[in-house]
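K.L.:
Contents of run33.tsv (TSV, C-alpha atoms and all ligand atoms) are below:
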```
chain	number	residue	atom	x	y	z
L	1	MET	CA	-28.55	77.23	45.90
L	2	ASN	CA	-30.32	79.48	48.37
L	3	ILE	CA	-28.51	79.14	51.71
L	4	LYS	CA	-30.93	79.09	54.63
L	5	SER	CA	-28.63	77.60	57.21
L	6	ALA	CA	-24.97	76.70	57.66
L	7	ALA	CA	-23.54	75.25	60.84
L	8	PHE	CA	-20.35	73.68	62.11
L	9	VAL	CA	-20.88	69.99	62.80
L	10	GLY	CA	-17.50	68.86	64.12
L	11	SER	CA	-13.81	68.24	63.55
L	12	ALA	CA	-12.17	64.92	62.87
L	13	VAL	CA	-8.71	63.46	62.64
L	14	LYS	CA	-9.89	59.85	62.39
L	15	SER	CA	-12.85	58.19	60.74
L	16	SER	CA	-14.66	57.36	63.97
L	17	GLN	CA	-15.08	61.12	64.42
L	18	TYR	CA	-16.78	61.74	61.06
L	19	PRO	CA	-20.51	62.46	61.15
L	20	ALA	CA	-22.68	59.54	60.01
L	21	GLU	CA	-22.69	58.79	56.28
L	22	GLY	CA	-25.81	59.71	54.36
L	23	LEU	CA	-25.95	63.34	53.35
L	24	PRO	CA	-24.17	64.18	50.10
L	25	GLU	CA	-20.77	65.71	50.79
L	26	ILE	CA	-18.42	68.10	48.99
L	27	ALA	CA	-14.77	68.36	50.10
L	28	PHE	CA	-12.51	71.38	49.60
L	29	ALA	CA	-8.82	70.64	49.11
L	30	GLY	CA	-5.69	72.56	48.19
L	31	ARG	CA	-2.37	73.92	49.24
L	32	SER	CA	-1.92	75.52	52.62
L	33	ASN	CA	-3.11	79.15	52.70
L	34	VAL	CA	-4.58	78.97	49.18
L	35	GLY	CA	-7.96	80.16	50.43
L	36	LYS	CA	-10.04	77.01	51.05
L	37	SER	CA	-11.75	78.24	54.20
L	38	SER	CA	-12.44	81.67	52.68
L	39	LEU	CA	-13.95	80.01	49.64
L	40	VAL	CA	-16.35	77.98	51.78
L	41	ASN	CA	-17.40	81.13	53.64
L	42	THR	CA	-18.03	82.92	50.35
L	43	LEU	CA	-20.03	80.03	48.92
L	44	VAL	CA	-22.39	79.98	51.87
L	45	GLY	CA	-22.42	83.74	52.29
L	46	ARG	CA	-21.22	83.67	55.91
L	47	LYS	CA	-18.19	85.72	56.84
L	48	ASN	CA	-17.00	83.62	59.74
L	49	LEU	CA	-18.51	80.17	59.46
L	50	VAL	CA	-15.03	78.76	58.85
L	51	LYS	CA	-11.94	80.17	60.52
L	52	THR	CA	-9.51	81.73	58.08
L	53	SER	CA	-6.02	83.01	58.72
L	54	SER	CA	-3.13	84.76	57.08
L	55	THR	CA	-0.90	82.19	58.79
L	56	PRO	CA	-0.57	79.10	56.60
L	57	GLY	CA	-1.41	75.72	58.10
L	58	ARG	CA	-4.29	77.04	60.18
L	59	THR	CA	-6.81	74.31	59.39
L	60	GLN	CA	-5.34	71.11	60.82
L	61	THR	CA	-8.39	68.91	61.18
L	62	ILE	CA	-11.12	67.74	58.82
L	63	ASN	CA	-14.01	70.11	59.51
L	64	PHE	CA	-17.61	69.26	58.66
L	65	PHE	CA	-20.35	71.81	58.03
L	66	LEU	CA	-24.05	71.17	57.56
L	67	ILE	CA	-25.63	73.25	54.80
L	68	ASN	CA	-29.42	73.71	54.62
L	69	ASP	CA	-29.78	70.49	56.65
L	70	THR	CA	-29.29	68.66	53.34
L	71	LEU	CA	-25.56	68.44	52.60
L	72	HIS	CA	-22.11	68.55	54.15
L	73	PHE	CA	-19.23	70.78	53.18
L	74	VAL	CA	-15.86	69.51	54.32
L	75	ASP	CA	-12.95	71.90	54.80
L	76	LEU	CA	-9.73	69.91	54.57
L	77	PRO	CA	-6.37	70.98	55.98
L	78	GLY	CA	-3.96	72.28	53.36
L	79	TYR	CA	-0.88	70.45	52.15
L	80	GLY	CA	2.65	71.58	51.54
L	81	TYR	CA	3.30	73.93	54.40
L	82	ALA	CA	6.75	73.20	55.79
L	83	LYS	CA	6.35	75.03	59.08
L	84	VAL	CA	3.63	72.89	60.61
L	85	SER	CA	5.09	70.44	63.09
L	86	ALA	CA	6.63	67.20	61.87
L	87	GLU	CA	3.81	65.38	63.61
L	88	VAL	CA	1.13	67.27	61.68
L	89	ARG	CA	2.99	66.81	58.41
L	90	LYS	CA	3.36	63.11	58.97
L	91	ASN	CA	-0.34	62.73	59.69
L	92	TRP	CA	-1.74	65.01	57.01
L	93	GLY	CA	-1.39	62.65	54.07
L	94	PRO	CA	-2.84	59.58	55.76
L	95	MET	CA	-5.60	61.59	57.45
L	96	VAL	CA	-6.81	63.26	54.24
L	97	GLU	CA	-6.24	60.19	52.08
L	98	ARG	CA	-8.25	58.00	54.40
L	99	TYR	CA	-11.11	60.47	54.28
L	100	LEU	CA	-11.10	60.81	50.48
L	101	LYS	CA	-10.68	57.08	49.95
L	102	THR	CA	-13.29	55.78	52.34
L	103	ARG	CA	-16.01	58.40	52.52
L	104	GLU	CA	-19.00	56.97	50.68
L	105	SER	CA	-21.07	60.16	50.84
L	106	LEU	CA	-18.37	62.14	49.03
L	107	CYS	CA	-19.82	63.46	45.74
L	108	ALA	CA	-16.92	65.60	44.56
L	109	ALA	CA	-13.74	67.35	45.62
L	110	VAL	CA	-13.23	71.02	44.86
L	111	VAL	CA	-9.51	71.40	44.13
L	112	ILE	CA	-8.41	74.94	44.87
L	113	LEU	CA	-5.38	76.54	43.26
L	114	ASP	CA	-3.94	80.04	43.47
L	115	ILE	CA	-4.54	81.66	40.08
L	116	ARG	CA	-1.13	83.36	40.30
L	117	ARG	CA	0.88	80.14	40.61
L	118	THR	CA	1.42	77.16	38.37
L	119	PRO	CA	0.45	73.89	40.08
L	120	ASN	CA	3.20	72.14	42.02
L	121	GLN	CA	3.79	68.41	42.38
L	122	ALA	CA	1.47	68.13	45.38
L	123	ASP	CA	-1.38	69.72	43.40
L	124	LEU	CA	-0.78	67.37	40.48
L	125	ASP	CA	-0.56	64.39	42.85
L	126	LEU	CA	-3.89	65.29	44.42
L	127	VAL	CA	-5.60	65.51	41.03
L	128	ALA	CA	-4.07	62.21	39.86
L	129	TRP	CA	-5.11	60.62	43.09
L	130	LEU	CA	-8.73	61.78	42.78
L	131	ILE	CA	-8.85	60.37	39.27
L	132	HIS	CA	-7.46	57.07	40.55
L	133	TYR	CA	-10.20	56.83	43.16
L	134	ASN	CA	-12.92	57.97	40.76
L	135	ILE	CA	-13.78	61.07	42.75
L	136	PRO	CA	-15.23	63.81	40.53
L	137	GLN	CA	-13.24	67.02	40.80
L	138	ILE	CA	-14.05	70.65	40.26
L	139	LEU	CA	-11.02	72.88	39.70
L	140	VAL	CA	-11.11	76.41	41.05
L	141	LEU	CA	-8.53	79.18	40.61
L	142	THR	CA	-8.92	81.49	43.56
L	143	LYS	CA	-7.58	84.94	44.50
L	144	ALA	CA	-8.49	86.07	40.98
L	145	ASP	CA	-8.94	89.60	42.36
L	146	LYS	CA	-5.14	89.75	42.60
L	147	LEU	CA	-4.80	89.75	38.79
L	148	LYS	CA	-6.13	91.94	36.01
L	149	ARG	CA	-8.58	90.24	33.66
L	150	ASN	CA	-6.16	89.64	30.79
L	151	LYS	CA	-3.61	88.16	33.20
L	152	GLN	CA	-6.36	85.95	34.67
L	153	ALA	CA	-7.06	84.51	31.24
L	154	ARG	CA	-3.37	83.91	30.60
L	155	GLN	CA	-2.87	82.14	33.94
L	156	ARG	CA	-5.98	80.06	33.38
L	157	ALA	CA	-4.60	78.82	30.08
L	158	LEU	CA	-1.17	78.05	31.58
L	159	ILE	CA	-2.58	76.18	34.56
L	160	ALA	CA	-5.01	74.22	32.38
L	161	GLN	CA	-2.12	73.15	30.17
L	162	ASP	CA	-0.06	72.00	33.19
L	163	MET	CA	-3.00	69.97	34.46
L	164	GLY	CA	-4.06	68.54	31.12
L	165	LYS	CA	-7.49	70.17	31.37
L	166	GLN	CA	-9.62	72.42	29.20
L	167	ALA	CA	-9.14	76.06	30.21
L	168	SER	CA	-12.92	76.51	30.14
L	169	SER	CA	-13.33	73.86	32.85
L	170	LEU	CA	-11.37	75.94	35.41
L	171	ILE	CA	-13.47	78.33	37.48
L	172	ALA	CA	-11.89	81.68	38.32
L	173	PHE	CA	-12.94	82.66	41.84
L	174	SER	CA	-12.47	85.41	44.41
L	175	ALA	CA	-13.50	85.38	48.04
L	176	SER	CA	-13.01	89.14	48.03
L	177	THR	CA	-15.32	90.02	45.15
L	178	GLY	CA	-17.54	86.95	44.89
L	179	LEU	CA	-16.37	86.31	41.33
L	180	GLY	CA	-17.15	82.73	40.29
L	181	LYS	CA	-19.54	82.00	43.14
L	182	ARG	CA	-22.50	81.41	40.82
L	183	GLU	CA	-20.47	79.31	38.43
L	184	LEU	CA	-19.10	77.16	41.25
L	185	TRP	CA	-22.57	76.60	42.71
L	186	LYS	CA	-23.74	75.54	39.26
L	187	ALA	CA	-20.94	72.96	39.10
L	188	LEU	CA	-21.76	71.77	42.64
L	189	ASP	CA	-25.48	71.48	41.88
L	190	ALA	CA	-24.57	69.32	38.89
L	191	VAL	CA	-22.69	66.77	41.00
L	192	LEU	CA	-25.07	66.80	43.96
P	201	LIG	P1	-5.11	76.75	55.62
P	201	LIG	O1	-6.33	76.35	56.38
P	201	LIG	O2	-4.05	77.35	56.48
P	201	LIG	O3	-4.60	75.71	54.71
P	201	LIG	O4	-5.53	78.00	54.68
P	201	LIG	P2	-6.80	78.13	53.73
P	201	LIG	O5	-6.53	77.50	52.42
P	201	LIG	O6	-8.04	77.73	54.42
P	201	LIG	O7	-6.80	79.73	53.47
P	201	LIG	P3	-7.68	80.86	54.16
P	201	LIG	O8	-9.08	80.81	53.63
P	201	LIG	O9	-7.49	80.82	55.63
P	201	LIG	O10	-7.02	82.16	53.51
P	201	LIG	C1	-5.63	82.42	53.60
P	201	LIG	C2	-5.37	83.90	53.35
P	201	LIG	O11	-5.70	84.24	52.02
P	201	LIG	C3	-6.20	84.82	54.23
P	201	LIG	O12	-5.39	85.93	54.58
P	201	LIG	C4	-7.35	85.23	53.32
P	201	LIG	O13	-7.90	86.49	53.65
P	201	LIG	C5	-6.67	85.28	51.97
P	201	LIG	N1	-7.61	85.01	50.86
P	201	LIG	C6	-8.37	83.91	50.71
P	201	LIG	N2	-9.11	83.95	49.58
P	201	LIG	C7	-8.80	85.13	48.99
P	201	LIG	C8	-9.24	85.78	47.77
P	201	LIG	O14	-10.05	85.28	46.98
P	201	LIG	N3	-8.67	87.00	47.48
P	201	LIG	C9	-7.75	87.57	48.31
P	201	LIG	N4	-7.26	88.77	47.92
P	201	LIG	N5	-7.32	87.01	49.45
P	201	LIG	C10	-7.84	85.81	49.79
P	202	MG	MG	-8.29	76.70	56.15
```
How would this structure read if it were set down as structure tokens?
P.N.:
Amino acid sequence: MNIKSAAFVGSAVKSSQYPAEGLPEIAFAGRSNVGKSSLVNTLVGRKNLVKTSSTPGRTQTINFFLINDTLHFVDLPGYGYAKVSAEVRKNWGPMVERYLKTRESLCAAVVILDIRRTPNQADLDLVAWLIHYNIPQILVLTKADKLKRNKQARQRALIAQDMGKQASSLIAFSASTGLGKRELWKALDAVL
């Protein structure tokens, strides 16, 4: 997709704060600090559309972005970071679950994993949960620039096995080099 415009629409913690339903929507989910916000910036070719941080737990609200006036990208807060306040931790699950469960415009969730790590229980729970609610998922292995090519392939096979997926269905990605950007857009175009 040729990106002509990308703009922040708003943040939400509850459904009354979501923008109106209608435009097709893609959500980005994954562990805290895995690189969700960076991935969104890379996809739209804007360095600072979405705030990124080396401190985990930075994104704490559901953030909506309008792309080309025709679709929404939704940057979700990450899960599994122990140092966010108890309050935030308690609210994360319900906040994100409510969004994923009730949002009618949601076309697919991009599940983002770190290519260097095998999926943990929270990652597996998210995937199982998306299947349960019939939400199409696109699996992305990010930070691929951190591994040499042969190690990338090995990790891809291991992660695919853990998740019960075909290795070829996992997209290796890097916000640093742009690896996988085309392939991910192709997958997004297919669900949109
Ligand atoms: P939370 O919002 O806190 O859950 O984090 P996030 O998943 O949005 O991660 P974010 O995009 O803020 O990135 C976290 C850190 O990882 C930052 O220091 C990024 O620069 C770095 N990072 C993200 N993607 C990549 C990548 O593809 N390669 C490398 N080398 N670093 C990356
Ligand atoms: Mg973030």
K.L.:
Pick out the residues no farther than 12 Å from ligand MG 202 (chain P), counting only C-alpha atoms and all ligand atoms, and list them as JSON, numbers by chain.
P.N.:
{"L": [28, 29, 30, 31, 32, 33, 34, 35, 36, 37, 38, 39, 40, 41, 48, 49, 50, 51, 52, 53, 54, 55, 56, 57, 58, 59, 60, 61, 62, 63, 74, 75, 76, 77, 78, 79, 112]}
K.L.:
Create the file for the chosen residues now, containing C-alpha atoms and written as a PDB file, in the frame of the given file.
P.N.:
```pdb
ATOM      1  CA  PHE L  28     -12.510  71.380  49.600  1.00  0.00           C
ATOM      2  CA  ALA L  29      -8.820  70.640  49.110  1.00  0.00           C
ATOM      3  CA  GLY L  30      -5.690  72.560  48.190  1.00  0.00           C
ATOM      4  CA  ARG L  31      -2.370  73.920  49.240  1.00  0.00           C
ATOM      5  CA  SER L  32      -1.920  75.520  52.620  1.00  0.00           C
ATOM      6  CA  ASN L  33      -3.110  79.150  52.700  1.00  0.00           C
ATOM      7  CA  VAL L  34      -4.580  78.970  49.180  1.00  0.00           C
ATOM      8  CA  GLY L  35      -7.960  80.160  50.430  1.00  0.00           C
ATOM      9  CA  LYS L  36     -10.040  77.010  51.050  1.00  0.00           C
ATOM     10  CA  SER L  37     -11.750  78.240  54.200  1.00  0.00           C
ATOM     11  CA  SER L  38     -12.440  81.670  52.680  1.00  0.00           C
ATOM     12  CA  LEU L  39     -13.950  80.010  49.640  1.00  0.00           C
ATOM     13  CA  VAL L  40     -16.350  77.980  51.780  1.00  0.00           C
ATOM     14  CA  ASN L  41     -17.400  81.130  53.640  1.00  0.00           C
ATOM     15  CA  ASN L  48     -17.000  83.620  59.740  1.00  0.00           C
ATOM     16  CA  LEU L  49     -18.510  80.170  59.460  1.00  0.00           C
ATOM     17  CA  VAL L  50     -15.030  78.760  58.850  1.00  0.00           C
ATOM     18  CA  LYS L  51     -11.940  80.170  60.520  1.00  0.00           C
ATOM     19  CA  THR L  52      -9.510  81.730  58.080  1.00  0.00           C
ATOM     20  CA  SER L  53      -6.020  83.010  58.720  1.00  0.00           C
ATOM     21  CA  SER L  54      -3.130  84.760  57.080  1.00  0.00           C
ATOM     22  CA  THR L  55      -0.900  82.190  58.790  1.00  0.00           C
ATOM     23  CA  PRO L  56      -0.570  79.100  56.600  1.00  0.00           C
ATOM     24  CA  GLY L  57      -1.410  75.720  58.100  1.00  0.00           C
ATOM     25  CA  ARG L  58      -4.290  77.040  60.180  1.00  0.00           C
ATOM     26  CA  THR L  59      -6.810  74.310  59.390  1.00  0.00           C
ATOM     27  CA  GLN L  60      -5.340  71.110  60.820  1.00  0.00           C
ATOM     28  CA  THR L  61      -8.390  68.910  61.180  1.00  0.00           C
ATOM     29  CA  ILE L  62     -11.120  67.740  58.820  1.00  0.00           C
ATOM     30  CA  ASN L  63     -14.010  70.110  59.510  1.00  0.00           C
ATOM     31  CA  VAL L  74     -15.860  69.510  54.320  1.00  0.00           C
ATOM     32  CA  ASP L  75     -12.950  71.900  54.800  1.00  0.00           C
ATOM     33  CA  LEU L  76      -9.730  69.910  54.570  1.00  0.00           C
ATOM     34  CA  PRO L  77      -6.370  70.980  55.980  1.00  0.00           C
ATOM     35  CA  GLY L  78      -3.960  72.280  53.360  1.00  0.00           C
ATOM     36  CA  TYR L  79      -0.880  70.450  52.150  1.00  0.00           C
ATOM     37  CA  ILE L 112      -8.410  74.940  44.870  1.00  0.00           C
TER      38      ILE L 112
END
```
K.L.:
I want to know what sits within 8 Å of L:Phe64, based on all atoms listed in the file, with residues of the same chain fewer than 3 positions away left out; could you give that as a list in words?
P.N.:
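In the requested format, the answer is Phe8, Val9, Gly10, Ser11, Tyr18, Pro19, His72, Phe73, Val74 and Asp75 of chain L.
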K.L.:
Quick one: everything within 9 Å of L:Ala144, counting all atoms listed in the file, minus sequence neighbours fewer than 5 positions away in the same chain. Send it as a PyMOL selection string.
P.N.:
chain L and resi 114-116+149+152+172-177+179
K.L.:
How big is the axis-aligned box, and where does its centre sit, when it encloses all atoms of stretch 86-101 of chain L listed in the file and has 3 Å added on every side, reported in Å to one decimal as AutoDock Vina command-line options?
P.N.:
```
--center_x -2.2 --center_y 62.2 --center_z 56.8 --size_x 23.7 --size_y 16.2 --size_z 19.7
```
K.L.:
Give as a CSV table (one decimal) with C-alpha atoms, in the coordinates of the input each residue that has an atom at most 10 Å from (-12.3, 69.2, 44.4) in the file, counting all atoms listed in the file.
P.N.:
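Okay, this is what ended up in result_36.csv:
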```csv
chain,number,residue,atom,x,y,z
L,26,ILE,CA,-18.4,68.1,49.0
L,27,ALA,CA,-14.8,68.4,50.1
L,28,PHE,CA,-12.5,71.4,49.6
L,29,ALA,CA,-8.8,70.6,49.1
L,30,GLY,CA,-5.7,72.6,48.2
L,107,CYS,CA,-19.8,63.5,45.7
L,108,ALA,CA,-16.9,65.6,44.6
L,109,ALA,CA,-13.7,67.4,45.6
L,110,VAL,CA,-13.2,71.0,44.9
L,111,VAL,CA,-9.5,71.4,44.1
L,112,ILE,CA,-8.4,74.9,44.9
L,126,LEU,CA,-3.9,65.3,44.4
L,127,VAL,CA,-5.6,65.5,41.0
L,130,LEU,CA,-8.7,61.8,42.8
L,135,ILE,CA,-13.8,61.1,42.8
L,136,PRO,CA,-15.2,63.8,40.5
L,137,GLN,CA,-13.2,67.0,40.8
L,138,ILE,CA,-14.0,70.6,40.3
L,139,LEU,CA,-11.0,72.9,39.7
L,140,VAL,CA,-11.1,76.4,41.0
L,188,LEU,CA,-21.8,71.8,42.6
```
K.L.:
Considering all atoms listed in the file, state which residue in the set L:Ala20, L:Leu113, L:Ala7, L:Ala167 is at the smallest distance from ligand LIG 201 (chain P).
P.N.:
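For ligand LIG 201 (chain P), the nearest of the candidates is L:Leu113.
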K.L.:
What's the 7 Å shell around stretch 85-99 of chain L, counting all atoms listed in the file, without same-chain residues fewer than 2 positions away, as a PDB file with C-alpha atoms, keeping the file's coordinate frame?
P.N.:
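Output below, filename part_38.pdb:
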```
ATOM      1  CA  VAL L  13      -8.710  63.460  62.640  1.00  0.00           C
ATOM      2  CA  LYS L  14      -9.890  59.850  62.390  1.00  0.00           C
ATOM      3  CA  LYS L  83       6.350  75.030  59.080  1.00  0.00           C
ATOM      4  CA  LYS L 101     -10.680  57.080  49.950  1.00  0.00           C
ATOM      5  CA  THR L 102     -13.290  55.780  52.340  1.00  0.00           C
ATOM      6  CA  ARG L 103     -16.010  58.400  52.520  1.00  0.00           C
TER       7      ARG L 103
END
```
K.L.:
Between L:Arg156, L:His132, L:Lys151, L:Lys181, single out the one closest to ligand LIG 201 (chain P), counting only C-alpha atoms and all ligand atoms.
P.N.:
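Closest to ligand LIG 201 (chain P), using only C-alpha atoms and all ligand atoms: L:Lys181.
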K.L.:
Go through L:Ala12, L:Ala6, L:Lys143, L:Arg154 one by one, measure the shortest atom-to-atom distance of each to L:Lys47 using all atoms listed in the file, and give the residue with the smallest value.
P.N.:
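Comparing L:Ala12, L:Ala6, L:Lys143, L:Arg154 against L:Lys47, the winner is L:Ala6.
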K.L.:
Do you know which residues are at most 8 Å from L:Ser105 counting all atoms listed in the file, after dropping those on the same chain fewer than 2 positions away, and could you put them as a list in words?
P.N.:
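Close residues of L:Ser105: Glu21, Gly22, Leu23, Pro24, Glu25, Arg103 and Cys107 of chain L.
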K.L.:
Could you please take those selected residues and save C-alpha atoms as a CSV table (one decimal), in the coordinates of the input?
P.N.:
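Wrote again_29.csv, looks like this:
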```csv
chain,number,residue,atom,x,y,z
L,21,GLU,CA,-22.7,58.8,56.3
L,22,GLY,CA,-25.8,59.7,54.4
L,23,LEU,CA,-26.0,63.3,53.4
L,24,PRO,CA,-24.2,64.2,50.1
L,25,GLU,CA,-20.8,65.7,50.8
L,103,ARG,CA,-16.0,58.4,52.5
L,107,CYS,CA,-19.8,63.5,45.7
```
